[in-house]
>>> print(open('start.cif').read())   # mmCIF, C-alpha atoms and all ligand atoms
data_my_file
#
loop_
_atom_site.label_atom_id
_atom_site.label_comp_id
_atom_site.auth_asym_id
_atom_site.auth_seq_id
_atom_site.Cartn_x
_atom_site.Cartn_y
_atom_site.Cartn_z
CA MET B 113 12.00 12.54 -6.78
CA PRO B 114 9.19 14.91 -7.87
CA PRO B 115 5.81 13.51 -8.92
CA ALA B 116 5.60 12.41 -12.56
CA ASP B 117 3.66 15.61 -13.24
CA SER B 118 3.52 17.83 -10.18
CA SER B 119 1.22 20.40 -11.78
CA ALA B 120 -1.34 17.67 -12.43
CA THR B 121 -1.05 16.48 -8.81
CA ALA B 122 -1.61 19.99 -7.49
CA SER B 123 -4.61 20.60 -9.72
CA HIS B 124 -6.29 17.41 -8.52
CA ILE B 125 -5.57 17.83 -4.84
CA ALA B 126 -9.27 18.06 -4.03
CA GLY B 127 -10.25 15.07 -6.19
CA PRO B 128 -10.31 11.40 -5.20
CA LEU B 129 -6.97 9.85 -4.34
CA VAL B 130 -7.82 6.67 -6.25
CA GLU B 131 -10.37 6.46 -9.04
CA THR B 132 -11.15 3.41 -11.15
CA ARG B 133 -13.32 3.40 -14.24
CA GLY B 134 -14.59 0.10 -15.67
CA LEU B 135 -11.57 -1.67 -14.23
CA SER B 136 -11.13 -5.41 -14.69
CA HIS B 137 -8.35 -7.85 -15.49
CA VAL B 138 -8.30 -10.99 -17.60
CA ARG B 139 -5.72 -13.80 -17.45
CA ASP B 140 -5.70 -16.73 -19.86
CA GLY B 141 -9.16 -15.75 -21.06
CA ARG B 142 -10.59 -15.65 -17.50
CA THR B 143 -11.66 -12.51 -15.63
CA VAL B 144 -9.68 -12.61 -12.36
CA MET B 145 -10.51 -9.15 -10.96
CA ARG B 146 -13.54 -6.93 -11.47
CA MET B 147 -13.55 -3.56 -9.77
CA GLY B 148 -15.68 -1.42 -12.08
CA ASP B 149 -16.07 2.22 -11.00
CA TRP B 150 -14.75 3.07 -7.56
CA GLN B 151 -13.33 6.08 -5.75
CA LEU B 152 -11.20 6.39 -2.66
CA GLN B 153 -11.44 9.85 -1.13
CA ARG B 154 -8.53 11.30 0.81
CA ARG B 155 -8.49 10.26 4.50
CA ALA B 156 -11.35 7.76 3.90
CA HIS B 157 -9.23 4.74 4.93
CA ALA B 158 -10.59 1.75 3.01
CA LEU B 159 -10.62 -1.99 3.44
CA LEU B 160 -10.67 -4.14 0.33
CA LEU B 161 -12.11 -7.42 1.52
CA GLY B 162 -12.40 -10.59 -0.50
CA PRO B 163 -11.77 -14.33 -0.40
CA SER B 164 -8.67 -15.94 -1.84
CA GLY B 165 -8.69 -15.57 -5.62
CA SER B 166 -10.98 -12.53 -5.73
CA GLY B 167 -8.22 -10.45 -7.26
CA LYS B 168 -6.98 -8.32 -4.34
CA THR B 169 -3.31 -8.70 -5.23
CA THR B 170 -4.11 -8.22 -8.90
CA PHE B 171 -5.83 -4.93 -8.03
CA ILE B 172 -2.90 -3.79 -5.88
CA ASN B 173 -0.46 -4.57 -8.68
CA ILE B 174 -2.59 -2.47 -11.04
CA ALA B 175 -2.98 0.39 -8.52
CA THR B 176 0.76 0.53 -7.97
CA GLY B 177 1.50 0.46 -11.70
CA LEU B 178 3.16 -2.97 -11.77
CA LEU B 179 0.46 -4.46 -13.99
CA THR B 180 -1.54 -2.98 -16.88
CA PRO B 181 -5.27 -3.69 -16.59
CA SER B 182 -6.98 -5.51 -19.46
CA HIS B 183 -9.95 -3.11 -19.31
CA GLY B 184 -10.62 0.30 -17.87
CA ALA B 185 -8.36 2.77 -16.12
CA ILE B 186 -7.07 3.81 -12.73
CA ASP B 187 -5.93 7.26 -11.61
CA ILE B 188 -3.74 7.82 -8.57
CA ALA B 189 -3.63 11.34 -7.12
CA GLY B 190 -5.22 12.62 -10.31
CA GLN B 191 -2.67 11.01 -12.60
CA PRO B 192 -3.47 8.22 -15.08
CA MET B 193 -1.36 5.43 -13.56
CA SER B 194 -2.55 2.73 -15.97
CA ALA B 195 -1.89 4.90 -19.04
CA LEU B 196 1.60 6.11 -18.15
CA PRO B 197 4.78 4.58 -19.60
CA PRO B 198 6.73 2.37 -17.14
CA ALA B 199 9.29 4.97 -16.02
CA LYS B 200 6.57 7.49 -15.20
CA ARG B 201 4.58 4.83 -13.34
CA ASP B 202 7.64 4.13 -11.20
CA ALA B 203 8.03 7.85 -10.50
CA LEU B 204 4.34 8.22 -9.62
CA ARG B 205 4.48 5.17 -7.33
CA ARG B 206 7.60 6.43 -5.54
CA ALA B 207 6.15 9.91 -5.14
CA THR B 208 2.67 8.97 -3.92
CA ILE B 209 2.49 5.39 -2.55
CA GLY B 210 3.93 3.55 0.45
CA LEU B 211 3.65 -0.24 0.41
CA VAL B 212 3.26 -2.77 3.23
CA PHE B 213 3.38 -6.47 2.42
CA GLN B 214 2.60 -9.57 4.48
CA THR B 215 6.10 -10.83 3.68
CA LEU B 216 7.77 -7.69 4.88
CA ARG B 217 10.38 -7.30 2.15
CA LEU B 218 12.77 -5.41 4.39
CA ILE B 219 16.33 -5.57 3.09
CA PRO B 220 18.03 -8.23 5.29
CA ALA B 221 21.53 -6.70 5.21
CA LEU B 222 20.32 -3.30 6.43
CA SER B 223 19.23 -2.18 9.89
CA VAL B 224 15.71 -0.86 10.47
CA ASN B 225 17.12 2.68 10.35
CA ALA B 226 19.02 2.00 7.11
CA ASN B 227 15.94 0.39 5.49
CA LEU B 228 13.99 3.59 6.15
CA ALA B 229 16.86 5.79 4.95
CA LEU B 230 17.09 3.84 1.69
CA ALA B 231 13.33 4.15 1.12
CA GLN B 232 13.62 7.93 1.52
CA LYS B 233 16.68 8.13 -0.73
CA LEU B 234 14.86 6.24 -3.51
CA ALA B 235 11.58 8.14 -3.20
CA LEU B 236 12.74 11.63 -2.29
CA GLY B 237 16.40 11.70 -3.30
CA ARG B 238 17.45 12.63 0.25
CA VAL B 239 17.51 11.28 3.79
CA ASP B 240 15.58 13.03 6.56
CA GLN B 241 16.98 11.46 9.75
CA PRO B 242 14.70 13.37 12.17
CA GLU B 243 11.67 12.04 10.27
CA ILE B 244 13.14 8.52 10.41
CA ASP B 245 13.64 8.88 14.17
CA ARG B 246 10.04 10.12 14.59
CA LEU B 247 8.56 7.21 12.66
CA ILE B 248 10.70 4.59 14.41
CA ASP B 249 9.64 6.06 17.74
CA ARG B 250 5.97 6.17 16.69
CA VAL B 251 5.98 2.44 15.92
CA GLY B 252 7.74 1.70 19.23
CA LEU B 253 11.04 0.48 17.75
CA SER B 254 13.53 3.06 19.02
CA HIS B 255 15.37 0.35 20.94
CA ARG B 256 15.54 -1.78 17.75
CA ALA B 257 16.57 0.92 15.25
CA HIS B 258 19.95 -0.70 14.60
CA ALA B 259 18.71 -4.30 14.52
CA ARG B 260 18.63 -6.29 11.28
CA PRO B 261 15.23 -7.59 10.11
CA ARG B 262 16.06 -11.21 11.07
CA GLN B 263 16.60 -10.09 14.66
CA LEU B 264 13.04 -8.76 14.91
CA SER B 265 9.91 -10.60 16.04
CA GLN B 266 7.08 -10.91 13.50
CA GLY B 267 5.19 -8.03 15.12
CA GLU B 268 8.31 -5.83 15.29
CA GLY B 269 9.05 -6.59 11.64
CA GLN B 270 5.51 -5.62 10.65
CA ARG B 271 5.87 -2.35 12.58
CA ALA B 272 9.21 -1.65 10.84
CA ALA B 273 7.52 -2.25 7.47
CA ILE B 274 4.77 0.22 8.38
CA ALA B 275 7.37 2.82 9.38
CA ARG B 276 9.20 2.29 6.08
CA ALA B 277 5.96 2.75 4.11
CA LEU B 278 5.21 6.04 5.86
CA VAL B 279 8.69 7.54 6.07
CA THR B 280 8.44 8.95 2.54
CA ARG B 281 5.22 10.81 3.50
CA PRO B 282 3.13 9.05 0.83
CA GLN B 283 -0.40 10.24 0.07
CA LEU B 284 -1.55 6.61 -0.19
CA VAL B 285 -0.46 3.60 1.89
CA VAL B 286 -1.33 0.29 0.23
CA ALA B 287 -1.13 -2.77 2.47
CA ASP B 288 -1.55 -6.33 1.18
CA GLU B 289 -2.59 -8.73 3.98
CA PRO B 290 -0.71 -6.83 6.71
CA THR B 291 -2.32 -8.81 9.54
CA SER B 292 -2.90 -12.31 8.20
CA ALA B 293 0.25 -13.76 9.77
CA LEU B 294 -0.36 -12.15 13.17
CA ASP B 295 -2.26 -13.33 16.26
CA ASP B 296 -5.42 -11.44 17.27
CA ALA B 297 -3.71 -9.00 19.64
CA ASN B 298 -0.95 -8.14 17.18
CA ALA B 299 -3.39 -7.87 14.27
CA HIS B 300 -5.37 -5.18 16.13
CA ARG B 301 -2.17 -3.45 17.26
CA VAL B 302 -0.94 -3.26 13.69
CA ILE B 303 -4.23 -1.75 12.50
CA ASP B 304 -4.21 0.75 15.40
CA LEU B 305 -0.70 1.72 14.43
CA MET B 306 -1.51 2.08 10.74
CA PHE B 307 -4.46 4.38 11.52
CA GLU B 308 -2.42 6.41 13.98
CA ALA B 309 0.64 6.79 11.74
CA ALA B 310 -1.47 7.52 8.64
CA ASP B 311 -3.48 10.17 10.46
CA ALA B 312 -0.30 11.75 11.83
CA THR B 313 1.27 12.01 8.36
CA GLY B 314 -1.90 12.76 6.38
CA ALA B 315 -1.80 9.47 4.45
CA THR B 316 -4.85 7.48 3.32
CA LEU B 317 -4.91 3.72 3.87
CA LEU B 318 -5.99 1.08 1.39
CA VAL B 319 -5.78 -2.31 3.09
CA ALA B 320 -6.48 -5.51 1.13
CA THR B 321 -7.21 -8.64 3.14
CA HIS B 322 -9.26 -11.77 3.59
CA ASP B 323 -8.75 -11.34 7.35
CA GLY B 324 -12.30 -10.86 8.65
CA ARG B 325 -10.93 -10.03 12.13
CA ILE B 326 -10.15 -6.47 11.05
CA ALA B 327 -13.27 -5.85 8.93
CA ASP B 328 -15.17 -3.92 11.59
CA ARG B 329 -12.24 -1.54 12.10
CA PHE B 330 -13.09 0.15 8.78
CA THR B 331 -16.34 1.91 7.93
CA ASN B 332 -15.23 2.23 4.30
CA ARG B 333 -15.30 -1.35 3.02
CA LEU B 334 -15.31 -2.72 -0.48
CA ASN B 335 -16.06 -6.39 -1.06
CA LEU B 336 -14.40 -8.06 -4.02
CA VAL B 337 -15.93 -11.33 -5.17
CA VAL B 338 -14.36 -14.09 -7.22
CA PRO B 339 -15.48 -13.10 -10.74
CA ALA B 340 -17.97 -15.56 -12.28
N1 LIG B 401 0.85 -14.82 -12.37
C1 LIG B 401 -0.35 -15.40 -12.53
N2 LIG B 401 -0.63 -16.17 -13.60
C2 LIG B 401 -1.84 -16.72 -13.76
N3 LIG B 401 -2.86 -16.59 -12.90
C3 LIG B 401 -2.65 -15.84 -11.81
C4 LIG B 401 -1.38 -15.20 -11.55
N4 LIG B 401 -1.48 -14.52 -10.38
C5 LIG B 401 -2.74 -14.71 -9.93
N5 LIG B 401 -3.43 -15.49 -10.77
C6 LIG B 401 -4.85 -15.89 -10.64
O1 LIG B 401 -5.62 -14.69 -10.63
C7 LIG B 401 -6.70 -14.81 -9.69
C8 LIG B 401 -6.63 -13.64 -8.70
O2 LIG B 401 -5.44 -13.76 -7.93
P1 LIG B 401 -5.04 -12.72 -6.81
O3 LIG B 401 -3.70 -13.14 -6.31
O4 LIG B 401 -5.19 -11.35 -7.34
O5 LIG B 401 -6.18 -12.98 -5.72
P2 LIG B 401 -6.20 -12.60 -4.17
O6 LIG B 401 -7.60 -12.13 -3.89
O7 LIG B 401 -5.09 -11.65 -3.88
O8 LIG B 401 -5.94 -13.99 -3.48
P3 LIG B 401 -5.17 -14.35 -2.10
O9 LIG B 401 -6.03 -13.79 -1.00
O10 LIG B 401 -5.15 -15.85 -2.12
O11 LIG B 401 -3.80 -13.73 -2.20
C9 LIG B 401 -6.56 -16.18 -9.04
O12 LIG B 401 -7.45 -17.06 -9.66
C10 LIG B 401 -5.11 -16.56 -9.31
O13 LIG B 401 -4.99 -17.96 -9.39
#
>>> encode(input="start.cif", output="C-alpha cells")
Amino acid sequence: MPPADSSATASHIAGPLVETRGLSHVRDGRTVMRMGDWQLQRRAHALLLGPSGSGKTTFINIATGLLTPSHGAIDIAGQPMSALPPAKRDALRRATIGLVFQTLRLIPALSVNANLALAQKLALGRVDQPEIDRLIDRVGLSHRAHARPRQLSQGEGQRAAIARALVTRPQLVVADEPTSALDDANAHRVIDLMFEAADATGATLLVATHDGRIADRFTNRLNLVVPA
C-alpha cells in the first residue's frame, strides 16, 4: 500500500523521522506520559528508557497512531500521524513502521515464512519471497522457516518477530520491551540483530524498555520519567 501521502513523504525525506511537539497524554485527569519536543533523526537508533508507568507504551501507541494524544502532535516521516483520520493513520503505519513486541504476536496458525508473507501482503499488497528468504536467513532461522510459532524457543520467536518487522522495509522499527523476557546473552544477541538488520535495510530503531542491561548499547537515549 502506498504511503498516506507519498508526495509529503518524499518532500520530508531529509527531515526527522519522528518529531514530537509539546506531546503529553492525560488519563482520568492524570498526566501519564510527557514527551514535550523531541526529534528522532534517520539512522540515529534511539532508546526510550523509563521505569514502569513512565508512559513508554502510551508513547508507542501514540507514535503508531493507535492513540490520539491529549496535547501536542507527532509527525512520522513528515506526516502528521496524530492529526490524520484513522484510515490514513493505518496506511501511514503500514507504510512506514515495523513493530516488535515483547509478546511476539506472531500468528499461531502460520509458519514463520507465512507470518512474514502476510505482513508484506498487508503492508505492500504483494509478497516478495526472496526478501523473506533473506530476512529469515539474516536472523538465523532458515532451518525453522516452516515451523509454527509455538515450536520456536523464546529467542527464536523474538528473532522471527524482528524479521517480520523488517520484511516490509519500514523506515522506522518500533520495539516495545524486546529484551525484557530474555536472559543476558539472548538480550544482547537480539539487540545485535536489530542493529544489524536495521542497518542492512536502512531502518531506524526506536526501542522502548526499562531493561537497563541494553542501555549502554545506544548512544541516543531518552529518559522518560513518571510524570509528577
Ligand atoms: N488503558 C488504561 N487505562 C487507564 N490507565 C492506563 C491504561 N494503560 C496505561 N495506563 C496507565 O498509564 C500510565 C502509563 O502506562 P504505560 O503502560 O504507558 O507505562 P510504561 O512505561 O509502558 O510501563 P511498563 O514498563 O510497566 O509497561 C500508568 O500509570 C498506567 O497505569
>>> residues_near_ligand(input="start.cif", ligand="ligand LIG 401 (chain B)", cutoff="6 Å", atoms="only C-alpha atoms and all ligand atoms", output="VMD selection string")
chain B and resid 144 163 to 170 322
>>> atom_distance(input="start.cif", atom1="atom CA of Asp240 of chain B", atom2="atom CA of Gly127 of chain B")
28.9 Å
>>> closest_residue(input="start.cif", among="B:Leu228, B:Ala203, B:Ile248, B:Leu159", to="Arg329 of chain B", atoms="only C-alpha atoms")
B:Leu159
>>> axis_aligned_box(input="start.cif", around="segment 165-175 of chain B", padding_each_side="8 Å", output="JSON")
{"center_x": -5.7, "center_y": -7.6, "center_z": -7.7, "size_x": 26.5, "size_y": 32.0, "size_z": 22.7}
>>> atom_distance(input="start.cif", atom1="atom CA of Asp328 of chain B", atom2="atom CA of Thr280 of chain B")
28.4 Å
>>> closest_atom_pairs(input="start.cif", of="segment 239-261 of chain B", to="segment 274-278 of chain B", cutoff="12 Å", atoms="only C-alpha atoms", output="CSV")
residue,atom,partner,partner_atom,distance
B:Glu243,CA,B:Leu278,CA,9.9
B:Ile244,CA,B:Ala275,CA,8.2
B:Asp245,CA,B:Ala275,CA,9.9
B:Arg246,CA,B:Ala275,CA,9.4
B:Leu247,CA,B:Ala275,CA,5.6
B:Ile248,CA,B:Ala275,CA,6.3
B:Asp249,CA,B:Ala275,CA,9.2
B:Arg250,CA,B:Ala275,CA,8.2
B:Val251,CA,B:Ala275,CA,6.7
B:Gly252,CA,B:Ala275,CA,9.9
B:Leu253,CA,B:Ala275,CA,9.4
B:Ser254,CA,B:Ala275,CA,11.4
B:Ala257,CA,B:Ala275,CA,11.1
>>> write_last_selection(input="start.cif", atoms="C-alpha atoms", output="PDB file, in the coordinates of the input")
ATOM      1  CA  GLU B 243      11.670  12.040  10.270  1.00  0.00           C
ATOM      2  CA  ILE B 244      13.140   8.520  10.410  1.00  0.00           C
ATOM      3  CA  ASP B 245      13.640   8.880  14.170  1.00  0.00           C
ATOM      4  CA  ARG B 246      10.040  10.120  14.590  1.00  0.00           C
ATOM      5  CA  LEU B 247       8.560   7.210  12.660  1.00  0.00           C
ATOM      6  CA  ILE B 248      10.700   4.590  14.410  1.00  0.00           C
ATOM      7  CA  ASP B 249       9.640   6.060  17.740  1.00  0.00           C
ATOM      8  CA  ARG B 250       5.970   6.170  16.690  1.00  0.00           C
ATOM      9  CA  VAL B 251       5.980   2.440  15.920  1.00  0.00           C
ATOM     10  CA  GLY B 252       7.740   1.700  19.230  1.00  0.00           C
ATOM     11  CA  LEU B 253      11.040   0.480  17.750  1.00  0.00           C
ATOM     12  CA  SER B 254      13.530   3.060  19.020  1.00  0.00           C
ATOM     13  CA  ALA B 257      16.570   0.920  15.250  1.00  0.00           C
TER      14      ALA B 257
END
>>> atom_distance(input="start.cif", atom1="atom CA of Leu222 of chain B", atom2="atom CA of Pro198 of chain B")
27.8 Å
>>> closest_residue(input="start.cif", among="B:Ser194, B:Arg146, B:Ile326, B:Arg281", to="Ala312 of chain B", atoms="all atoms listed in the file")
B:Arg281
>>> closest_residue(input="start.cif", among="B:Ala315, B:Ala158, B:Ala175, B:Ala293", to="Ser265 of chain B", atoms="all atoms listed in the file")
B:Ala293
>>> closest_residue(input="start.cif", among="B:Leu135, B:Leu196, B:Leu211, B:Val286", to="Gly184 of chain B", atoms="only C-alpha atoms")
B:Leu135
>>> residues_around(input="start.cif", residues="Leu218 of chain B", least_positions_apart="6", cutoff="9 Å", atoms="only C-alpha atoms", output="PyMOL selection string")
chain B and resi 224+227+261+269+272-273+276
>>> closest_residue(input="start.cif", among="B:Glu289, B:Ala299, B:Gly210, B:Gln283", to="Arg155 of chain B", atoms="all atoms listed in the file")
B:Gln283
>>> closest_residue(input="start.cif", among="B:Gly148, B:Pro128, B:Pro197, B:Pro282", to="Ala235 of chain B", atoms="only C-alpha atoms")
B:Pro282
>>> residues_around(input="start.cif", residues="Met193 of chain B", least_positions_apart="6", cutoff="12 Å", atoms="all atoms listed in the file", output="PyMOL selection string")
chain B and resi 115-117+129-132+173-181+184-187+199-205+208-209
>>> decode(input="start.cif", residues="segment 231-247 of chain B", atoms="N, CA and C atoms", output="PDB file, in the first residue's frame")
ATOM      1  N   ALA B 231       2.583 -10.260   6.507  1.00  0.00           N
ATOM      2  CA  ALA B 231       2.967  -8.876   6.848  1.00  0.00           C
ATOM      3  C   ALA B 231       3.241  -8.079   5.576  1.00  0.00           C
ATOM      4  N   GLN B 232       3.923  -8.686   4.625  1.00  0.00           N
ATOM      5  CA  GLN B 232       4.202  -7.997   3.356  1.00  0.00           C
ATOM      6  C   GLN B 232       2.906  -7.725   2.581  1.00  0.00           C
ATOM      7  N   LYS B 233       2.047  -8.735   2.534  1.00  0.00           N
ATOM      8  CA  LYS B 233       0.794  -8.608   1.789  1.00  0.00           C
ATOM      9  C   LYS B 233      -0.023  -7.428   2.335  1.00  0.00           C
ATOM     10  N   LEU B 234      -0.097  -7.334   3.685  1.00  0.00           N
ATOM     11  CA  LEU B 234      -0.886  -6.267   4.301  1.00  0.00           C
ATOM     12  C   LEU B 234      -0.252  -4.897   4.086  1.00  0.00           C
ATOM     13  N   ALA B 235       1.079  -4.837   4.179  1.00  0.00           N
ATOM     14  CA  ALA B 235       1.743  -3.530   4.104  1.00  0.00           C
ATOM     15  C   ALA B 235       2.005  -3.086   2.676  1.00  0.00           C
ATOM     16  N   LEU B 236       2.345  -4.037   1.807  1.00  0.00           N
ATOM     17  CA  LEU B 236       2.805  -3.668   0.463  1.00  0.00           C
ATOM     18  C   LEU B 236       1.855  -4.123  -0.631  1.00  0.00           C
ATOM     19  N   GLY B 237       0.909  -5.015  -0.273  1.00  0.00           N
ATOM     20  CA  GLY B 237      -0.018  -5.531  -1.264  1.00  0.00           C
ATOM     21  C   GLY B 237       0.578  -6.628  -2.134  1.00  0.00           C
ATOM     22  N   ARG B 238       1.774  -7.098  -1.780  1.00  0.00           N
ATOM     23  CA  ARG B 238       2.406  -8.169  -2.569  1.00  0.00           C
ATOM     24  C   ARG B 238       3.388  -8.920  -1.667  1.00  0.00           C
ATOM     25  N   VAL B 239       3.779 -10.102  -2.145  1.00  0.00           N
ATOM     26  CA  VAL B 239       4.730 -10.922  -1.401  1.00  0.00           C
ATOM     27  C   VAL B 239       6.044 -10.966  -2.177  1.00  0.00           C
ATOM     28  N   ASP B 240       7.141 -10.721  -1.473  1.00  0.00           N
ATOM     29  CA  ASP B 240       8.474 -10.727  -2.076  1.00  0.00           C
ATOM     30  C   ASP B 240       9.257 -11.867  -1.406  1.00  0.00           C
ATOM     31  N   GLN B 241       9.114 -13.076  -1.980  1.00  0.00           N
ATOM     32  CA  GLN B 241       9.705 -14.261  -1.327  1.00  0.00           C
ATOM     33  C   GLN B 241      11.229 -14.174  -1.194  1.00  0.00           C
ATOM     34  N   PRO B 242      11.960 -13.658  -2.191  1.00  0.00           N
ATOM     35  CA  PRO B 242      13.411 -13.543  -1.991  1.00  0.00           C
ATOM     36  C   PRO B 242      13.763 -12.669  -0.791  1.00  0.00           C
ATOM     37  N   GLU B 243      13.009 -11.585  -0.576  1.00  0.00           N
ATOM     38  CA  GLU B 243      13.264 -10.725   0.584  1.00  0.00           C
ATOM     39  C   GLU B 243      12.947 -11.469   1.887  1.00  0.00           C
ATOM     40  N   ILE B 244      11.868 -12.265   1.867  1.00  0.00           N
ATOM     41  CA  ILE B 244      11.530 -13.077   3.044  1.00  0.00           C
ATOM     42  C   ILE B 244      12.680 -14.042   3.343  1.00  0.00           C
ATOM     43  N   ASP B 245      13.168 -14.703   2.306  1.00  0.00           N
ATOM     44  CA  ASP B 245      14.268 -15.662   2.492  1.00  0.00           C
ATOM     45  C   ASP B 245      15.504 -14.968   3.062  1.00  0.00           C
ATOM     46  N   ARG B 246      15.798 -13.761   2.548  1.00  0.00           N
ATOM     47  CA  ARG B 246      16.975 -13.013   3.024  1.00  0.00           C
ATOM     48  C   ARG B 246      16.855 -12.690   4.499  1.00  0.00           C
ATOM     49  N   LEU B 247      15.664 -12.185   4.891  1.00  0.00           N
ATOM     50  CA  LEU B 247      15.471 -11.795   6.291  1.00  0.00           C
ATOM     51  C   LEU B 247      15.524 -13.012   7.207  1.00  0.00           C
TER      52      LEU B 247
END
